[in-house]
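Shown next: target.tsv, given as TSV, C-alpha atoms.
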```
chain	number	residue	atom	x	y	z
A	15	MET	CA	0.00	0.00	0.00
A	16	LYS	CA	1.23	3.49	-0.85
A	17	PHE	CA	0.81	6.20	1.77
A	18	ASP	CA	0.58	9.91	1.03
A	19	TYR	CA	1.83	11.38	4.33
A	20	VAL	CA	4.33	10.59	7.08
A	21	ARG	CA	4.92	12.09	10.54
A	22	ILE	CA	7.46	11.32	13.26
A	23	GLN	CA	5.75	11.72	16.62
A	24	GLY	CA	6.12	10.75	20.25
A	25	ARG	CA	3.96	9.29	22.97
A	26	GLU	CA	3.53	12.55	24.86
A	27	LEU	CA	0.91	15.14	23.91
A	28	ALA	CA	1.67	18.76	23.09
A	29	SER	CA	-0.14	21.09	25.48
A	30	ASN	CA	-1.41	23.43	22.73
A	31	THR	CA	-2.84	20.70	20.48
A	32	GLN	CA	-3.40	17.68	22.74
A	33	TYR	CA	-1.88	15.74	19.81
A	34	ALA	CA	1.29	13.66	19.84
A	35	LYS	CA	4.38	15.88	19.87
A	36	GLY	CA	6.37	16.01	16.67
A	37	ILE	CA	10.05	15.24	16.30
A	38	PHE	CA	11.19	18.86	16.52
A	39	SER	CA	9.30	19.44	19.79
A	40	MET	CA	10.68	16.24	21.27
A	41	CYS	CA	14.27	17.08	20.34
A	42	TRP	CA	13.98	20.70	21.52
A	43	GLN	CA	12.66	19.41	24.85
A	44	LEU	CA	15.77	17.22	25.23
A	45	VAL	CA	17.99	20.22	24.41
A	46	GLN	CA	16.18	22.63	26.74
A	47	ASN	CA	16.14	20.13	29.62
A	48	ASP	CA	19.93	19.61	29.24
A	49	VAL	CA	19.42	15.93	28.49
A	50	MET	CA	21.51	16.01	25.31
A	51	GLU	CA	25.26	16.30	25.41
A	52	GLU	CA	26.41	19.59	23.87
A	53	GLU	CA	27.74	17.93	20.71
A	54	ASP	CA	24.37	16.24	20.13
A	55	ALA	CA	22.49	19.46	20.89
A	56	ASP	CA	24.66	21.23	18.29
A	57	LEU	CA	23.82	18.50	15.77
A	58	PHE	CA	20.12	19.01	16.38
A	59	ARG	CA	20.48	22.80	16.07
A	60	GLU	CA	22.10	22.23	12.65
A	61	ILE	CA	19.23	19.95	11.61
A	62	ASP	CA	16.67	22.48	12.83
A	63	SER	CA	18.47	25.32	11.00
A	64	TRP	CA	18.49	23.36	7.75
A	65	PHE	CA	14.75	22.75	7.98
A	66	ALA	CA	14.13	26.40	8.88
A	67	GLU	CA	15.95	27.45	5.70
A	68	VAL	CA	14.46	24.86	3.33
A	69	LEU	CA	10.98	24.08	4.64
A	70	PRO	CA	8.35	26.85	4.61
A	71	PHE	CA	6.87	27.49	8.05
A	72	PRO	CA	3.06	27.24	7.83
A	73	PRO	CA	1.40	30.51	8.86
A	74	GLN	CA	-0.94	28.51	11.11
A	75	CYS	CA	2.11	27.40	13.10
A	76	ASN	CA	3.31	31.02	13.40
A	77	ALA	CA	-0.14	31.93	14.71
A	78	GLN	CA	0.05	28.97	17.13
A	79	GLU	CA	-3.18	27.53	15.78
A	80	PRO	CA	-3.89	23.91	16.75
A	81	VAL	CA	-2.38	22.23	13.68
A	82	VAL	CA	0.07	19.39	13.09
A	83	CYS	CA	2.32	18.84	10.10
A	84	PHE	CA	2.95	15.79	7.96
A	85	PHE	CA	5.56	15.33	5.24
A	86	LYS	CA	4.24	14.40	1.81
A	87	THR	CA	5.70	10.99	0.98
A	88	GLU	CA	5.96	11.89	-2.72
A	89	ASN	CA	8.63	14.48	-1.84
A	90	ALA	CA	9.79	13.10	1.51
A	91	ASP	CA	13.08	11.45	0.47
A	92	LEU	CA	15.18	14.54	1.17
A	93	MET	CA	13.17	15.45	4.28
A	94	MET	CA	13.52	11.94	5.73
A	95	LYS	CA	17.24	11.86	4.90
A	96	MET	CA	17.74	15.13	6.77
A	97	ILE	CA	15.51	14.18	9.72
A	98	HIS	CA	17.13	10.76	10.17
A	99	PRO	CA	19.90	12.11	12.48
A	100	ALA	CA	17.22	13.61	14.73
A	101	MET	CA	15.54	10.20	14.91
A	102	TRP	CA	18.95	8.76	15.85
A	103	LEU	CA	19.22	11.36	18.63
A	104	LEU	CA	15.85	10.33	20.02
A	105	GLN	CA	16.97	6.70	20.02
A	106	ARG	CA	20.30	7.62	21.61
A	107	TYR	CA	18.48	9.29	24.51
A	108	ASN	CA	15.88	6.51	24.79
A	109	HIS	CA	13.04	8.81	23.80
A	110	PRO	CA	10.29	6.69	22.17
A	111	PHE	CA	8.79	7.79	18.89
A	112	TYR	CA	6.69	6.45	16.07
A	113	VAL	CA	6.90	6.90	12.31
A	114	VAL	CA	3.25	7.20	11.29
A	115	TYR	CA	2.13	6.77	7.69
A	116	THR	CA	-1.39	7.74	6.64
A	117	ASN	CA	-3.56	8.63	3.69
A	118	ASP	CA	-5.96	10.64	5.85
A	119	PRO	CA	-4.08	13.14	8.03
A	120	GLY	CA	-7.16	15.30	8.59
A	121	GLU	CA	-8.47	18.60	7.25
A	122	ILE	CA	-5.62	20.24	5.34
A	123	VAL	CA	-5.34	23.98	6.08
A	124	TYR	CA	-1.88	24.52	4.55
A	125	GLU	CA	0.09	22.79	1.82
A	126	ASP	CA	3.43	23.30	0.12
A	127	GLU	CA	5.80	21.12	-1.90
A	128	TYR	CA	6.97	19.06	1.09
A	129	GLN	CA	4.29	19.14	3.77
A	130	VAL	CA	0.74	19.72	4.86
A	131	ALA	CA	-0.61	21.22	8.05
A	132	VAL	CA	-3.90	19.82	9.28
A	133	LYS	CA	-6.37	20.94	11.90
A	134	VAL	CA	-6.05	18.95	15.07
A	135	PRO	CA	-8.99	16.56	15.14
A	136	GLU	CA	-11.46	16.71	17.98
A	137	VAL	CA	-10.67	14.04	20.54
A	138	VAL	CA	-13.45	11.46	20.74
A	139	VAL	CA	-13.57	9.13	23.71
A	140	GLU	CA	-15.75	6.09	23.22
A	141	GLU	CA	-16.81	3.46	25.69
A	142	LEU	CA	-14.97	0.17	25.35
A	143	GLN	CA	-16.77	-2.51	23.43
A	144	GLU	CA	-17.42	-5.73	25.26
A	145	SER	CA	-14.52	-8.08	24.64
A	146	TRP	CA	-15.05	-11.03	22.34
A	147	SER	CA	-13.95	-13.27	25.21
A	148	THR	CA	-16.81	-12.11	27.40
A	149	CYS	CA	-19.56	-11.96	24.77
A	150	GLY	CA	-22.44	-14.19	25.74
A	151	VAL	CA	-20.89	-15.04	29.12
A	152	ASP	CA	-23.23	-14.69	32.08
A	153	HIS	CA	-21.34	-12.81	34.83
A	154	ASP	CA	-23.90	-13.47	37.59
```

With the file now loaded, output its structure as structure tokens.
Amino acid sequence: MKFDYVRIQGRELASNTQYAKGIFSMCWQLVQNDVMEEEDADLFREIDSWFAEVLPFPPQCNAQEPVVCFFKTENADLMMKMIHPAMWLLQRYNHPFYVVYTNDPGEIVYEDEYQVAVKVPEVVVEELQESWSTCGVDHD
């Protein structure tokens, strides 16, 4: 199956979006909390600077609107090559993350050659369905 979008995200939620933090937020947190050694922090700063120069910053992000960004897989080769060292840094510091591929990132509010920004979806909490192992079992 071919996927249209990819995002590197963590387990923790960002306070402004209540959505999984992205790779830049996770790495900056490690830098700001003095978790990374200085050489590794410098490496991440170089990665971040490259992306700041090459990748347009969605205006919704500047306005701190509740959006999240995904790379477009059709143009993601260079982006993934350049983000790979940041993924290595997360692994080095035992910070869990996921590489999430999707064809439905949500409502797109910004798009450029390399990425989309989507509105953060409303969080829906549903009751758990009865487990298949307990279906039809009398609990009395």

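Coordinates place CA of Gly24 (chain A) at a distance of 8.9 Å from CA of Val113 (chain A).
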
- Measure the distance from CA of Glu141 (chain A) to CA of Glu121 (chain A) in Å and round it to one decimal. 25.3 Å

- Item | Non-local contacts of Val114 (chain A) (7 Å; all atoms listed in the file; under 5 positions in same chain excluded) as a PyMOL selection string | chain A and resi 20-22

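Taking CA of Ile61 (chain A) and CA of Leu92 (chain A) as endpoints, the distance between them is 12.4 Å.
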
- Message: I need the residue nearest Asp126 (chain A) from this list: A:Phe85, A:Met50, A:Glu60, A:Lys16. Use all atoms listed in the file for the distance.
- Response: A:Phe85

- Which polymer residues have any atom within 12 Å of an atom of Ser63 (chain A), counting all atoms listed in the file, with same-chain residues fewer than 5 positions away left out, as a PyMOL selection string? chain A and resi 38+56-58+68-69+96-97

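Of the residues under consideration (A:Ile122, A:Cys41, A:Phe65, A:Ser29), A:Phe65 shows the shortest atom-to-atom contact distance to Lys95 (chain A) when counting only C-alpha atoms.
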
Could you give me the axis-aligned bounding box of region 102-119 of chain A, with 8 Å of padding per side, as centre plus edge lengths in Å to one decimal, as JSON?
```
{"center_x": 7.2, "center_y": 9.8, "center_z": 14.2, "size_x": 42.3, "size_y": 22.7, "size_z": 37.1}
```

- Message: Residues proximal to (-3.5, 3.4, 0.6) were defined as those with any atom within 9 Å of that point in the file's coordinates, counting all atoms listed in the file. Which are they, as a ChimeraX atom specification?
- Response: /A:15-18,116-117

- Closest of A:Asn89, A:Ser39, A:Asp48, A:Asn30 to Ala77 (chain A) - atom-to-atom distances counting all atoms listed in the file: A:Asn30

- Item | Neighbours of point (-0.4, 22.8, 14.0) within 10 Å, using all atoms listed in the file, written as number ranges by chain | A: 30-31, 33, 36, 72-84, 123-124, 130-134

- Note on the structure: Nearest to Tyr128 (chain A), restricted to all atoms listed in the file and choosing among A:Val49, A:Ala28, A:Ala66, A:Met93, comes out as A:Met93

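In terms of minimum interatomic distance to Asn108 (chain A), A:Leu44 ranks closest within A:Trp64, A:Leu44, A:Asp91, A:Glu52, counting only C-alpha atoms.
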
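Compared by their closest atoms to Glu88 (chain A), and using only C-alpha atoms, the residues A:Met40, A:Glu26, A:Gln129, A:Leu103 rank with A:Gln129 nearest.
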
Your completed region 104-133 of chain A with N, CA and C atoms, as a PDB file, keeping the file's coordinate frame:
```
ATOM      1  N   LEU A 104      16.913  10.806  19.129  1.00  0.00           N
ATOM      2  CA  LEU A 104      15.850  10.330  20.020  1.00  0.00           C
ATOM      3  C   LEU A 104      16.142   8.924  20.508  1.00  0.00           C
ATOM      4  N   GLN A 105      16.601   8.063  19.614  1.00  0.00           N
ATOM      5  CA  GLN A 105      16.970   6.700  20.020  1.00  0.00           C
ATOM      6  C   GLN A 105      18.124   6.721  21.016  1.00  0.00           C
ATOM      7  N   ARG A 106      19.115   7.534  20.744  1.00  0.00           N
ATOM      8  CA  ARG A 106      20.300   7.620  21.610  1.00  0.00           C
ATOM      9  C   ARG A 106      19.918   7.984  23.046  1.00  0.00           C
ATOM     10  N   TYR A 107      18.915   8.845  23.180  1.00  0.00           N
ATOM     11  CA  TYR A 107      18.480   9.290  24.510  1.00  0.00           C
ATOM     12  C   TYR A 107      17.239   8.545  24.984  1.00  0.00           C
ATOM     13  N   ASN A 108      16.979   7.394  24.390  1.00  0.00           N
ATOM     14  CA  ASN A 108      15.880   6.510  24.790  1.00  0.00           C
ATOM     15  C   ASN A 108      14.537   7.226  24.853  1.00  0.00           C
ATOM     16  N   HIS A 109      14.314   8.097  23.883  1.00  0.00           N
ATOM     17  CA  HIS A 109      13.040   8.810  23.800  1.00  0.00           C
ATOM     18  C   HIS A 109      12.178   8.121  22.737  1.00  0.00           C
ATOM     19  N   PRO A 110      11.098   7.457  23.136  1.00  0.00           N
ATOM     20  CA  PRO A 110      10.290   6.690  22.170  1.00  0.00           C
ATOM     21  C   PRO A 110       9.600   7.598  21.157  1.00  0.00           C
ATOM     22  N   PHE A 111       9.495   7.074  19.947  1.00  0.00           N
ATOM     23  CA  PHE A 111       8.790   7.790  18.890  1.00  0.00           C
ATOM     24  C   PHE A 111       8.234   6.780  17.897  1.00  0.00           C
ATOM     25  N   TYR A 112       7.321   7.262  17.089  1.00  0.00           N
ATOM     26  CA  TYR A 112       6.690   6.450  16.070  1.00  0.00           C
ATOM     27  C   TYR A 112       6.835   7.148  14.725  1.00  0.00           C
ATOM     28  N   VAL A 113       6.967   6.378  13.669  1.00  0.00           N
ATOM     29  CA  VAL A 113       6.900   6.900  12.310  1.00  0.00           C
ATOM     30  C   VAL A 113       5.521   6.478  11.807  1.00  0.00           C
ATOM     31  N   VAL A 114       4.652   7.460  11.617  1.00  0.00           N
ATOM     32  CA  VAL A 114       3.250   7.200  11.290  1.00  0.00           C
ATOM     33  C   VAL A 114       3.000   7.548   9.831  1.00  0.00           C
ATOM     34  N   TYR A 115       2.513   6.573   9.086  1.00  0.00           N
ATOM     35  CA  TYR A 115       2.130   6.770   7.690  1.00  0.00           C
ATOM     36  C   TYR A 115       0.610   6.775   7.608  1.00  0.00           C
ATOM     37  N   THR A 116       0.062   7.662   6.777  1.00  0.00           N
ATOM     38  CA  THR A 116      -1.390   7.740   6.640  1.00  0.00           C
ATOM     39  C   THR A 116      -1.764   8.283   5.266  1.00  0.00           C
ATOM     40  N   ASN A 117      -2.976   8.003   4.871  1.00  0.00           N
ATOM     41  CA  ASN A 117      -3.560   8.630   3.690  1.00  0.00           C
ATOM     42  C   ASN A 117      -4.608   9.653   4.081  1.00  0.00           C
ATOM     43  N   ASP A 118      -4.925   9.730   5.368  1.00  0.00           N
ATOM     44  CA  ASP A 118      -5.960  10.640   5.850  1.00  0.00           C
ATOM     45  C   ASP A 118      -5.447  11.386   7.084  1.00  0.00           C
ATOM     46  N   PRO A 119      -4.627  12.432   6.869  1.00  0.00           N
ATOM     47  CA  PRO A 119      -4.080  13.140   8.030  1.00  0.00           C
ATOM     48  C   PRO A 119      -5.084  14.042   8.717  1.00  0.00           C
ATOM     49  N   GLY A 120      -6.167  14.387   8.034  1.00  0.00           N
ATOM     50  CA  GLY A 120      -7.160  15.300   8.590  1.00  0.00           C
ATOM     51  C   GLY A 120      -7.448  16.420   7.608  1.00  0.00           C
ATOM     52  N   GLU A 121      -8.105  17.458   8.102  1.00  0.00           N
ATOM     53  CA  GLU A 121      -8.470  18.600   7.250  1.00  0.00           C
ATOM     54  C   GLU A 121      -7.245  19.460   6.978  1.00  0.00           C
ATOM     55  N   ILE A 122      -6.817  19.498   5.734  1.00  0.00           N
ATOM     56  CA  ILE A 122      -5.620  20.240   5.340  1.00  0.00           C
ATOM     57  C   ILE A 122      -5.934  21.733   5.301  1.00  0.00           C
ATOM     58  N   VAL A 123      -5.153  22.521   6.051  1.00  0.00           N
ATOM     59  CA  VAL A 123      -5.340  23.980   6.080  1.00  0.00           C
ATOM     60  C   VAL A 123      -4.131  24.700   5.475  1.00  0.00           C
ATOM     61  N   TYR A 124      -3.068  23.948   5.181  1.00  0.00           N
ATOM     62  CA  TYR A 124      -1.880  24.520   4.550  1.00  0.00           C
ATOM     63  C   TYR A 124      -1.194  23.410   3.766  1.00  0.00           C
ATOM     64  N   GLU A 125      -0.619  23.777   2.618  1.00  0.00           N
ATOM     65  CA  GLU A 125       0.090  22.790   1.820  1.00  0.00           C
ATOM     66  C   GLU A 125       1.191  23.485   1.040  1.00  0.00           C
ATOM     67  N   ASP A 126       2.359  22.848   0.994  1.00  0.00           N
ATOM     68  CA  ASP A 126       3.430  23.300   0.120  1.00  0.00           C
ATOM     69  C   ASP A 126       4.040  22.064  -0.541  1.00  0.00           C
ATOM     70  N   GLU A 127       5.184  22.217  -1.145  1.00  0.00           N
ATOM     71  CA  GLU A 127       5.800  21.120  -1.900  1.00  0.00           C
ATOM     72  C   GLU A 127       6.118  19.900  -1.035  1.00  0.00           C
ATOM     73  N   TYR A 128       6.463  20.133   0.233  1.00  0.00           N
ATOM     74  CA  TYR A 128       6.970  19.060   1.090  1.00  0.00           C
ATOM     75  C   TYR A 128       6.036  18.614   2.206  1.00  0.00           C
ATOM     76  N   GLN A 129       5.054  19.420   2.562  1.00  0.00           N
ATOM     77  CA  GLN A 129       4.290  19.140   3.770  1.00  0.00           C
ATOM     78  C   GLN A 129       2.864  19.648   3.677  1.00  0.00           C
ATOM     79  N   VAL A 130       2.075  19.165   4.634  1.00  0.00           N
ATOM     80  CA  VAL A 130       0.740  19.720   4.860  1.00  0.00           C
ATOM     81  C   VAL A 130       0.618  19.996   6.352  1.00  0.00           C
ATOM     82  N   ALA A 131      -0.211  20.986   6.671  1.00  0.00           N
ATOM     83  CA  ALA A 131      -0.610  21.220   8.050  1.00  0.00           C
ATOM     84  C   ALA A 131      -2.096  20.927   8.111  1.00  0.00           C
ATOM     85  N   VAL A 132      -2.494  20.206   9.139  1.00  0.00           N
ATOM     86  CA  VAL A 132      -3.900  19.820   9.280  1.00  0.00           C
ATOM     87  C   VAL A 132      -4.426  20.290  10.622  1.00  0.00           C
ATOM     88  N   LYS A 133      -5.728  20.595  10.629  1.00  0.00           N
ATOM     89  CA  LYS A 133      -6.370  20.940  11.900  1.00  0.00           C
ATOM     90  C   LYS A 133      -6.283  19.745  12.831  1.00  0.00           C
TER      91      LYS A 133
END
```
